[in-house]
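Note: the block below is input_30.cif and it holds mmCIF, C-alpha atoms.
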data_data
#
loop_
_atom_site.label_atom_id
_atom_site.label_comp_id
_atom_site.auth_asym_id
_atom_site.auth_seq_id
_atom_site.Cartn_x
_atom_site.Cartn_y
_atom_site.Cartn_z
CA MET O 1 -20.54 26.07 57.31
CA MET O 2 -21.66 26.95 53.75
CA ASN O 3 -23.04 30.46 53.15
CA THR O 4 -26.31 29.87 51.24
CA ALA O 5 -26.74 33.54 50.48
CA ASN O 6 -23.50 33.67 48.54
CA LEU O 7 -24.36 30.44 46.66
CA SER O 8 -27.75 31.85 45.62
CA THR O 9 -26.11 35.04 44.41
CA ASP O 10 -23.60 33.09 42.28
CA LEU O 11 -26.36 31.07 40.66
CA ASP O 12 -28.38 34.22 39.94
CA ARG O 13 -25.39 35.88 38.35
CA SER O 14 -24.65 32.89 36.07
CA LEU O 15 -28.18 32.61 34.75
CA PRO O 16 -28.03 35.67 32.45
CA GLN O 17 -24.73 34.42 31.14
CA ARG O 18 -26.24 31.05 30.28
CA VAL O 19 -29.21 32.67 28.58
CA SER O 20 -26.87 34.89 26.57
CA LEU O 21 -24.86 31.88 25.38
CA MET O 22 -28.00 30.03 24.33
CA MET O 23 -29.22 33.03 22.34
CA LYS O 24 -25.87 33.38 20.59
CA SER O 25 -25.94 29.69 19.67
CA CYS O 26 -29.44 29.98 18.22
CA VAL O 27 -28.49 33.07 16.21
CA ALA O 28 -25.37 31.33 14.84
CA SER O 29 -27.40 28.27 13.83
CA THR O 30 -30.03 30.43 12.13
CA LEU O 31 -27.40 32.38 10.19
CA THR O 32 -25.65 29.18 9.12
CA ASN O 33 -28.88 27.71 7.76
CA PHE O 34 -29.65 31.00 6.02
CA PHE O 35 -26.31 31.11 4.19
CA LEU O 36 -26.53 27.42 3.26
CA LYS O 37 -29.90 28.09 1.64
CA ILE O 38 -28.39 31.00 -0.28
CA LEU O 39 -25.57 28.74 -1.52
CA TRP O 40 -28.05 26.06 -2.53
CA PHE O 41 -30.17 28.62 -4.38
CA GLY O 42 -27.15 29.99 -6.20
CA SER O 43 -25.82 26.57 -7.14
CA THR O 44 -29.21 25.47 -8.42
CA PHE O 45 -30.06 28.51 -10.52
CA CYS O 46 -26.69 30.09 -11.27
CA LYS O 47 -23.37 28.33 -11.78
CA GLY O 48 -23.97 24.68 -11.02
CA PRO O 49 -23.33 22.65 -7.88
CA PHE O 50 -21.39 24.21 -5.06
CA VAL O 51 -18.14 22.38 -4.33
CA HIS O 52 -16.19 22.91 -1.16
CA PRO O 53 -12.54 23.89 -1.86
CA CYS O 54 -11.35 20.78 0.01
CA MET O 55 -13.16 18.64 -2.54
CA THR O 56 -11.42 20.12 -5.57
CA ALA O 57 -8.07 18.37 -5.07
CA LYS O 58 -7.39 16.06 -7.98
CA LYS O 59 -7.29 12.38 -7.02
CA PRO O 60 -4.33 10.35 -8.27
CA SER O 61 -5.31 8.49 -11.41
CA VAL O 62 -4.99 4.71 -11.40
CA PRO O 63 -3.30 3.54 -14.61
CA PRO O 64 -5.45 1.14 -16.63
CA GLN O 65 -4.40 -2.49 -16.46
CA PRO O 66 -2.72 -3.61 -19.69
CA GLU O 67 -4.38 -6.31 -21.74
CA THR O 68 -1.20 -8.40 -21.59
CA ALA O 69 1.75 -8.56 -19.21
CA PRO O 70 4.90 -10.69 -18.90
CA VAL O 71 4.81 -13.63 -16.52
CA ARG O 72 7.43 -13.88 -13.79
CA ILE O 73 8.14 -17.56 -13.06
CA TRP O 74 9.11 -18.70 -9.56
CA VAL O 75 10.15 -22.34 -9.12
CA LEU O 76 10.43 -23.99 -5.69
CA LEU O 77 12.23 -27.33 -6.08
CA ASP O 78 12.42 -29.97 -3.37
CA SER O 79 16.02 -31.05 -2.78
CA SER O 80 15.41 -33.21 0.28
CA GLY O 81 17.19 -36.55 0.64
CA SER O 82 14.38 -38.55 -0.97
CA MET O 83 15.06 -36.80 -4.29
CA GLU O 84 18.62 -38.14 -4.47
CA SER O 85 17.73 -41.05 -6.75
CA LEU O 86 16.31 -38.56 -9.26
CA GLN O 87 19.19 -36.07 -9.15
CA LEU O 88 20.23 -36.40 -12.80
CA ASN O 89 16.64 -36.54 -14.00
CA VAL O 90 15.74 -33.39 -12.08
CA VAL O 91 18.62 -31.52 -13.70
CA GLU O 92 17.67 -32.73 -17.18
CA SER O 93 13.97 -31.96 -16.71
CA LEU O 94 14.72 -28.53 -15.25
CA ASN O 95 16.92 -27.67 -18.23
CA ALA O 96 14.15 -28.78 -20.59
CA PHE O 97 11.64 -26.61 -18.71
CA VAL O 98 13.87 -23.52 -19.01
CA ALA O 99 14.58 -24.22 -22.69
CA GLU O 100 10.87 -24.40 -23.53
CA GLN O 101 10.17 -21.13 -21.72
CA ALA O 102 13.08 -19.48 -23.53
CA ALA O 103 11.70 -20.70 -26.85
CA THR O 104 8.38 -18.97 -26.13
CA ASP O 105 10.06 -15.73 -25.02
CA PRO O 106 13.81 -15.51 -24.21
CA ALA O 107 13.19 -12.44 -22.01
CA THR O 108 10.95 -14.31 -19.57
CA ALA O 109 12.23 -13.78 -16.02
CA ILE O 110 12.80 -16.96 -14.00
CA SER O 111 13.78 -17.49 -10.36
CA ILE O 112 14.59 -21.02 -9.16
CA HIS O 113 15.01 -21.93 -5.48
CA THR O 114 15.66 -25.28 -3.81
CA PHE O 115 15.05 -26.55 -0.27
CA PRO O 116 16.91 -27.59 1.81
CA SER O 117 20.40 -27.78 0.32
CA VAL O 118 21.88 -28.03 3.82
CA PRO O 119 20.33 -28.65 7.23
CA TYR O 120 19.27 -25.34 8.76
CA ALA O 121 19.40 -24.38 12.41
CA ARG O 122 18.48 -20.69 12.48
CA LYS O 123 15.73 -18.76 10.81
CA ALA O 124 18.20 -16.02 9.93
CA ALA O 125 20.14 -18.49 7.81
CA GLY O 126 17.13 -19.04 5.58
CA VAL O 127 15.59 -22.25 4.36
CA ILE O 128 15.79 -21.98 0.59
CA THR O 129 18.82 -21.77 -1.68
CA VAL O 130 18.79 -19.52 -4.74
CA LEU O 131 19.91 -21.20 -7.96
CA VAL O 132 18.99 -18.24 -10.17
CA ASP O 133 17.04 -15.08 -9.42
CA ASP O 134 15.29 -12.86 -11.96
CA VAL O 135 17.31 -14.10 -14.91
CA ALA O 136 16.05 -14.10 -18.50
CA ALA O 137 15.30 -17.64 -19.62
CA GLY O 138 17.22 -17.15 -22.85
CA SER O 139 20.44 -16.28 -21.00
CA LEU O 140 20.41 -19.16 -18.51
CA VAL O 141 23.28 -21.64 -18.68
CA SER O 142 22.30 -25.29 -18.36
CA PHE O 143 22.27 -26.67 -14.84
CA THR O 144 24.58 -29.51 -13.80
CA PRO O 145 24.40 -32.09 -10.99
CA ASP O 146 26.69 -29.78 -8.97
CA ASP O 147 23.82 -27.29 -8.82
CA TYR O 148 21.44 -29.79 -7.25
CA SER O 149 22.54 -31.92 -4.28
CA PRO O 150 19.55 -33.47 -2.46
CA ASN O 151 19.70 -34.09 1.30
CA GLY O 152 17.79 -33.37 4.49
CA ASN O 153 14.10 -33.37 5.34
CA THR O 154 11.11 -31.55 3.81
CA PRO O 155 10.34 -28.18 5.46
CA LEU O 156 7.78 -27.41 2.77
CA TYR O 157 5.83 -24.77 4.71
CA ASP O 158 8.95 -22.89 5.80
CA SER O 159 10.37 -22.99 2.28
CA LEU O 160 7.16 -21.92 0.62
CA GLY O 161 6.58 -19.18 3.18
CA GLU O 162 10.06 -17.77 2.55
CA LEU O 163 9.73 -17.98 -1.23
CA LEU O 164 6.38 -16.18 -1.20
CA ARG O 165 7.78 -13.46 1.03
CA ARG O 166 10.69 -12.89 -1.36
CA ALA O 167 8.46 -12.99 -4.42
CA GLU O 168 5.93 -10.59 -2.96
CA THR O 169 8.66 -8.17 -1.83
CA ASP O 170 10.12 -8.22 -5.33
CA ASN O 171 6.72 -7.63 -6.90
CA ASN O 172 5.94 -4.73 -4.57
CA LYS O 173 9.30 -3.09 -5.36
CA ARG O 174 8.45 -3.13 -9.05
CA ILE O 175 5.12 -1.46 -8.36
CA CYS O 176 6.73 1.24 -6.18
CA GLN O 177 9.37 1.92 -8.83
CA GLY O 178 6.75 2.26 -11.55
CA LEU O 179 8.13 -0.67 -13.54
CA PRO O 180 5.90 -2.64 -15.93
CA CYS O 181 3.63 -5.04 -14.09
CA GLN O 182 4.24 -8.79 -14.13
CA ASP O 183 1.91 -11.71 -13.43
CA PRO O 184 3.69 -13.99 -10.92
CA LEU O 185 3.41 -17.76 -11.38
CA VAL O 186 4.76 -20.16 -8.73
CA VAL O 187 5.66 -23.77 -9.59
CA ILE O 188 6.17 -26.13 -6.63
CA ILE O 189 7.87 -29.50 -7.15
CA THR O 190 8.13 -31.97 -4.26
CA ASP O 191 8.18 -35.72 -3.68
CA GLY O 192 7.21 -35.71 -0.03
CA GLN O 193 4.91 -34.31 2.58
CA GLU O 194 5.78 -31.55 5.02
CA ASN O 195 7.83 -32.92 7.94
CA ALA O 196 10.30 -30.33 9.23
CA SER O 197 8.98 -26.74 9.26
CA ARG O 198 9.61 -24.61 12.34
CA TRP O 199 8.33 -21.13 11.61
CA HIS O 200 5.50 -21.45 9.11
CA HIS O 201 2.47 -23.68 9.44
CA ARG O 202 -0.23 -24.91 7.10
CA LYS O 203 -2.75 -22.19 8.00
CA SER O 204 -0.33 -19.29 7.53
CA VAL O 205 0.79 -20.61 4.14
CA PHE O 206 -2.82 -21.27 3.11
CA GLU O 207 -3.84 -17.71 3.99
CA HIS O 208 -0.80 -16.24 2.21
CA ILE O 209 -1.52 -18.16 -0.99
CA GLU O 210 -5.21 -17.30 -0.81
CA ARG O 211 -4.37 -13.59 -0.56
CA LEU O 212 -1.92 -13.76 -3.47
CA GLN O 213 -4.42 -15.63 -5.63
CA ALA O 214 -6.89 -12.80 -5.02
CA ASP O 215 -4.20 -10.45 -6.38
CA GLY O 216 -3.84 -12.47 -9.59
CA TRP O 217 -1.04 -14.89 -8.73
CA ALA O 218 -1.09 -18.37 -10.29
CA PHE O 219 0.19 -21.64 -8.78
CA ILE O 220 1.12 -25.13 -10.00
CA PHE O 221 1.78 -27.96 -7.54
CA LEU O 222 3.61 -31.11 -8.71
CA GLY O 223 3.81 -33.91 -6.14
CA SER O 224 4.99 -37.52 -6.31
CA ASN O 225 4.27 -40.51 -4.07
CA GLN O 226 1.14 -38.75 -2.82
CA GLU O 227 -2.21 -37.46 -3.94
CA ALA O 228 -0.91 -34.09 -5.02
CA TRP O 229 -4.34 -32.48 -5.06
CA THR O 230 -4.84 -33.43 -1.40
CA GLU O 231 -1.54 -31.88 -0.34
CA ALA O 232 -2.12 -28.88 -2.59
CA ALA O 233 -5.59 -28.31 -1.15
CA LYS O 234 -4.07 -28.08 2.35
CA ILE O 235 -2.31 -24.88 1.30
CA GLY O 236 -5.06 -23.40 -0.86
CA ILE O 237 -4.08 -24.69 -4.32
CA THR O 238 -6.94 -26.19 -6.31
CA ARG O 239 -7.08 -29.65 -7.82
CA GLY O 240 -6.98 -28.12 -11.30
CA ASP O 241 -3.60 -26.58 -10.45
CA SER O 242 -2.01 -29.79 -9.11
CA LEU O 243 -0.59 -32.94 -10.66
CA THR O 244 0.55 -36.25 -9.17
CA PHE O 245 3.55 -37.93 -10.78
CA GLU O 246 5.32 -41.23 -10.29
CA SER O 247 8.68 -40.93 -8.52
CA SER O 248 10.66 -42.17 -11.50
CA PRO O 249 12.68 -40.60 -14.30
CA THR O 250 9.75 -40.91 -16.69
CA GLY O 251 7.20 -39.66 -14.18
CA LEU O 252 9.27 -36.61 -13.29
CA ARG O 253 10.04 -35.78 -16.92
CA ASP O 254 6.38 -36.04 -17.94
CA ALA O 255 5.21 -33.93 -14.99
CA LEU O 256 7.64 -31.10 -15.67
CA SER O 257 6.86 -31.30 -19.38
CA THR O 258 3.15 -30.92 -18.62
CA ALA O 259 3.84 -28.01 -16.29
CA SER O 260 6.07 -26.36 -18.88
CA LYS O 261 3.39 -26.56 -21.57
CA SER O 262 0.83 -25.13 -19.15
CA VAL O 263 3.13 -22.24 -18.27
CA SER O 264 3.86 -21.54 -21.94
CA ALA O 265 0.15 -21.53 -22.78
CA TYR O 266 -0.63 -19.30 -19.81
CA ARG O 267 2.00 -16.78 -20.88
CA THR O 268 0.44 -16.37 -24.34
CA MET O 269 -2.99 -15.51 -22.90
CA THR O 270 -4.47 -12.10 -22.31
CA ARG O 271 -4.83 -11.11 -18.67
CA PRO O 272 -8.63 -11.53 -18.65
CA LEU O 273 -8.23 -15.07 -20.01
CA ARG O 274 -5.51 -15.82 -17.46
CA SER O 275 -7.93 -14.83 -14.74
CA GLU O 276 -10.40 -17.44 -16.00
CA LYS O 277 -7.79 -20.22 -16.16
CA ARG O 278 -5.98 -19.78 -12.84
CA ASN O 279 -7.85 -22.64 -11.18
CA SER O 280 -7.15 -25.11 -13.98
CA MET O 281 -3.51 -24.49 -14.84
CA ILE O 282 -2.69 -28.15 -15.50
CA HIS O 283 -5.32 -28.41 -18.23
CA ILE O 284 -4.53 -25.27 -20.24
CA LYS O 285 -1.54 -26.98 -21.88
CA ASP O 286 -3.95 -28.14 -24.59
CA ALA O 287 -4.60 -24.52 -25.51
CA HIS O 288 -0.98 -23.89 -26.45
#
Using structure tokens, write down the structure from this file.
Amino acid sequence: MMNTANLSTDLDRSLPQRVSLMMKSCVASTLTNFFLKILWFGSTFCKGPFVHPCMTAKKPSVPPQPETAPVRIWVLLDSSGSMESLQLNVVESLNAFVAEQAATDPATAISIHTFPSVPYARKAAGVITVLVDDVAAGSLVSFTPDDYSPNGNTPLYDSLGELLRRAETDNNKRICQGLPCQDPLVVIITDGQENASRWHHRKSVFEHIERLQADGWAFIFLGSNQEAWTEAAKIGITRGDSLTFESSPTGLRDALSTASKSVSAYRTMTRPLRSEKRNSMIHIKDAH
């Protein structure tokens, strides 16, 4: 049975302690306010605003963005079986594209990837094949039919997802290493619709492209036997950045020639002007 006398005694003994704690708290609060007022008075009438020592650490300065910057060109070229009839024309048009970029600036860095050169079974094996990676346009040797052997289906989303991952990783490495900034530009060339992707889907590619565009990336989509702007829109590329071409030697040559002129014109622009033109890449060829 509980002893009420002892309980009452314990409560009585704790009361003075509680009162003492409350008084100490009030005194501490009063002193704190008093000293804060002194600091405010001194900062107002003496030596300027009071700054806490923790606020005096110098923030890292962000380097100003240069008015111009080199353009890094990434080409994703469809090498599915339906491109076989255009094999020689693709090689010729690709060589002409590289030559025009080299004429504008031989130091321009170009990376060219194809998909799929062989049927792929595992994600670890990769989807795209590297023809050249980060090579100056002026030092590139002409491509031959041996470099381009179309076959297989069209895993466009997988291929584009992998290319963007590689390109973004490369771009981030440059930033971390303090190297001069580059403005990435991705050129996509395909004659068919997506029909074989396993790991990337339309929404994930759309969101990836949308995020990169917000960071200043530019895109050009060339598509044959389809309404290119419709297919481009599915992955976040605007109508002004897409072009439909006839699946013929002439159609392919004209499309790549148009893209090449657009890229050359884009490269000569200042960065603010590039920002204005990123949603109408196909039409800026007239400015070159």
List the spatial neighbours of O:Asn171 as a PDB file with C-alpha atoms, keeping the file's coordinate frame - criterion: any atom at most 12 Å away, only C-alpha atoms, same-chain residues fewer than 3 positions off excluded.
ATOM      1  CA  VAL O  71       4.810 -13.630 -16.520  1.00  0.00           C
ATOM      2  CA  ARG O  72       7.430 -13.880 -13.790  1.00  0.00           C
ATOM      3  CA  ILE O  73       8.140 -17.560 -13.060  1.00  0.00           C
ATOM      4  CA  TRP O  74       9.110 -18.700  -9.560  1.00  0.00           C
ATOM      5  CA  ASP O 134      15.290 -12.860 -11.960  1.00  0.00           C
ATOM      6  CA  LEU O 164       6.380 -16.180  -1.200  1.00  0.00           C
ATOM      7  CA  ARG O 165       7.780 -13.460   1.030  1.00  0.00           C
ATOM      8  CA  ARG O 166      10.690 -12.890  -1.360  1.00  0.00           C
ATOM      9  CA  ALA O 167       8.460 -12.990  -4.420  1.00  0.00           C
ATOM     10  CA  GLU O 168       5.930 -10.590  -2.960  1.00  0.00           C
ATOM     11  CA  ARG O 174       8.450  -3.130  -9.050  1.00  0.00           C
ATOM     12  CA  ILE O 175       5.120  -1.460  -8.360  1.00  0.00           C
ATOM     13  CA  CYS O 176       6.730   1.240  -6.180  1.00  0.00           C
ATOM     14  CA  GLN O 177       9.370   1.920  -8.830  1.00  0.00           C
ATOM     15  CA  GLY O 178       6.750   2.260 -11.550  1.00  0.00           C
ATOM     16  CA  LEU O 179       8.130  -0.670 -13.540  1.00  0.00           C
ATOM     17  CA  PRO O 180       5.900  -2.640 -15.930  1.00  0.00           C
ATOM     18  CA  CYS O 181       3.630  -5.040 -14.090  1.00  0.00           C
ATOM     19  CA  GLN O 182       4.240  -8.790 -14.130  1.00  0.00           C
ATOM     20  CA  ASP O 183       1.910 -11.710 -13.430  1.00  0.00           C
ATOM     21  CA  PRO O 184       3.690 -13.990 -10.920  1.00  0.00           C
ATOM     22  CA  LEU O 185       3.410 -17.760 -11.380  1.00  0.00           C
ATOM     23  CA  LEU O 212      -1.920 -13.760  -3.470  1.00  0.00           C
ATOM     24  CA  ASP O 215      -4.200 -10.450  -6.380  1.00  0.00           C
ATOM     25  CA  GLY O 216      -3.840 -12.470  -9.590  1.00  0.00           C
ATOM     26  CA  TRP O 217      -1.040 -14.890  -8.730  1.00  0.00           C
TER      27      TRP O 217
END
Exercise. Evaluate the PyMOL selection byres ((chain O and resi 128) around 6) on the structure here and hand back the selected residues as a ChimeraX atom specification.
Key: /O:114-116,126-127,129,159
Quiz item: Using only C-alpha atoms, which residue out of O:Ser248, O:Ser82, O:Asn279, O:Ser260 lies closest to O:Ala214?
Solution: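 Of O:Ser248, O:Ser82, O:Asn279, O:Ser260, the one nearest O:Ala214 is O:Asn279, counting only C-alpha atoms.
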Quiz item: Do you have the atom CA of O:Phe245-atom CA of O:Ser224 distance handy?
Solution: 4.7 Å
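Closest approach to O:Val187 among O:Leu156, O:Leu94, O:Val75, O:Ala137: O:Val75, based on only C-alpha atoms.
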Self-check item: From O:Ser139, O:Asn172, O:Ser79, O:Thr104, residue lying nearest O:Ser262 [only C-alpha atoms]
Solution: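 For O:Ser262, the nearest of the given residues is O:Thr104.
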Quiz item: Between O:Ala218, O:Ala259, O:Val135, O:Asn89, which is the closest to O:Arg271 once you count only C-alpha atoms?
Solution: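 Closest residue, counting only C-alpha atoms: O:Ala218.
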Which residues match the PyMOL selection byres ((chain O and resi 200) around 10) in the file above, as a PDB file with C-alpha atoms, in the frame of the given file?
ATOM      1  CA  PRO O 155      10.340 -28.180   5.460  1.00  0.00           C
ATOM      2  CA  LEU O 156       7.780 -27.410   2.770  1.00  0.00           C
ATOM      3  CA  TYR O 157       5.830 -24.770   4.710  1.00  0.00           C
ATOM      4  CA  ASP O 158       8.950 -22.890   5.800  1.00  0.00           C
ATOM      5  CA  SER O 159      10.370 -22.990   2.280  1.00  0.00           C
ATOM      6  CA  LEU O 160       7.160 -21.920   0.620  1.00  0.00           C
ATOM      7  CA  GLY O 161       6.580 -19.180   3.180  1.00  0.00           C
ATOM      8  CA  GLU O 162      10.060 -17.770   2.550  1.00  0.00           C
ATOM      9  CA  SER O 197       8.980 -26.740   9.260  1.00  0.00           C
ATOM     10  CA  ARG O 198       9.610 -24.610  12.340  1.00  0.00           C
ATOM     11  CA  TRP O 199       8.330 -21.130  11.610  1.00  0.00           C
ATOM     12  CA  HIS O 201       2.470 -23.680   9.440  1.00  0.00           C
ATOM     13  CA  ARG O 202      -0.230 -24.910   7.100  1.00  0.00           C
ATOM     14  CA  LYS O 203      -2.750 -22.190   8.000  1.00  0.00           C
ATOM     15  CA  SER O 204      -0.330 -19.290   7.530  1.00  0.00           C
ATOM     16  CA  VAL O 205       0.790 -20.610   4.140  1.00  0.00           C
TER      17      VAL O 205
END
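Evaluated on this file, the PyMOL selection byres ((chain O and resi 153) around 7) matches Ser80, Gly81, Asn151, Gly152, Thr154, Pro155, Asn195 and Ala196 of chain O.
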Quiz item: When you draw a straight line from atom CA of O:Tyr148 to atom CA of O:Leu86, how long is it in Å?
Solution: 10.4 Å
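The interatomic distance for the pair atom CA of O:Gly192 and atom CA of O:Leu76 works out to 13.4 Å.
Proximity ranking of O:Ala228, O:Val132, O:Ile110, O:Leu77 relative to O:Ser93 places O:Leu77 first, based on only C-alpha atoms.
Nearest to O:Glu227 of all the residues O:Asp191, O:Glu207, O:Glu92, O:Asp78 is O:Asp191, counting all atoms listed in the file.
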Please output stretch 246-271 of chain O, rebuilt to include N, CA and C atoms, as a short mmCIF file (atom, residue, chain, number, x, y, z; two decimals), keeping the file's coordinate frame.
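Below is the file rebuild-v8.cif, written as the result:
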data_model
loop_
_atom_site.label_atom_id
_atom_site.label_comp_id
_atom_site.auth_asym_id
_atom_site.auth_seq_id
_atom_site.Cartn_x
_atom_site.Cartn_y
_atom_site.Cartn_z
N GLU O 246 4.60 -40.08 -10.83
CA GLU O 246 5.32 -41.23 -10.29
C GLU O 246 6.77 -40.83 -10.02
N SER O 247 7.30 -41.28 -8.88
CA SER O 247 8.68 -40.93 -8.52
C SER O 247 9.64 -41.79 -9.32
N SER O 248 9.79 -41.45 -10.58
CA SER O 248 10.66 -42.17 -11.50
C SER O 248 11.15 -41.18 -12.54
N PRO O 249 12.19 -41.52 -13.27
CA PRO O 249 12.68 -40.60 -14.30
C PRO O 249 11.60 -40.21 -15.30
N THR O 250 10.81 -41.20 -15.73
CA THR O 250 9.75 -40.91 -16.69
C THR O 250 8.66 -40.06 -16.07
N GLY O 251 8.26 -40.42 -14.84
CA GLY O 251 7.20 -39.66 -14.18
C GLY O 251 7.58 -38.21 -13.96
N LEU O 252 8.80 -37.98 -13.53
CA LEU O 252 9.27 -36.61 -13.29
C LEU O 252 9.34 -35.82 -14.60
N ARG O 253 9.90 -36.46 -15.63
CA ARG O 253 10.04 -35.78 -16.92
C ARG O 253 8.67 -35.39 -17.48
N ASP O 254 7.72 -36.32 -17.41
CA ASP O 254 6.38 -36.04 -17.94
C ASP O 254 5.68 -34.93 -17.15
N ALA O 255 5.86 -34.95 -15.83
CA ALA O 255 5.21 -33.93 -14.99
C ALA O 255 5.75 -32.54 -15.30
N LEU O 256 7.06 -32.41 -15.38
CA LEU O 256 7.64 -31.10 -15.67
C LEU O 256 7.33 -30.66 -17.10
N SER O 257 7.23 -31.63 -18.00
CA SER O 257 6.86 -31.30 -19.38
C SER O 257 5.43 -30.76 -19.43
N THR O 258 4.53 -31.40 -18.68
CA THR O 258 3.15 -30.92 -18.62
C THR O 258 3.09 -29.52 -18.02
N ALA O 259 3.82 -29.32 -16.93
CA ALA O 259 3.84 -28.01 -16.29
C ALA O 259 4.40 -26.95 -17.24
N SER O 260 5.44 -27.31 -17.97
CA SER O 260 6.07 -26.36 -18.88
C SER O 260 5.10 -25.93 -19.98
N LYS O 261 4.37 -26.89 -20.52
CA LYS O 261 3.39 -26.56 -21.57
C LYS O 261 2.28 -25.68 -21.01
N SER O 262 1.87 -25.96 -19.78
CA SER O 262 0.83 -25.13 -19.15
C SER O 262 1.33 -23.70 -18.95
N VAL O 263 2.56 -23.57 -18.49
CA VAL O 263 3.13 -22.24 -18.27
C VAL O 263 3.25 -21.49 -19.59
N SER O 264 3.71 -22.18 -20.63
CA SER O 264 3.86 -21.54 -21.94
C SER O 264 2.51 -21.07 -22.47
N ALA O 265 1.49 -21.91 -22.32
CA ALA O 265 0.15 -21.53 -22.78
C ALA O 265 -0.38 -20.35 -21.99
N TYR O 266 -0.16 -20.38 -20.69
CA TYR O 266 -0.63 -19.30 -19.81
C TYR O 266 0.02 -17.97 -20.20
N ARG O 267 1.27 -18.01 -20.55
CA ARG O 267 2.00 -16.78 -20.88
C ARG O 267 1.49 -16.14 -22.16
N THR O 268 0.93 -16.92 -23.07
CA THR O 268 0.44 -16.37 -24.34
C THR O 268 -0.96 -15.78 -24.22
N MET O 269 -1.61 -15.97 -23.08
CA MET O 269 -2.99 -15.51 -22.90
C MET O 269 -3.05 -14.03 -22.53
N THR O 270 -4.20 -13.44 -22.81
CA THR O 270 -4.47 -12.10 -22.31
C THR O 270 -4.73 -12.19 -20.81
N ARG O 271 -4.62 -11.09 -20.13
CA ARG O 271 -4.83 -11.11 -18.67
C ARG O 271 -6.26 -11.51 -18.29
#
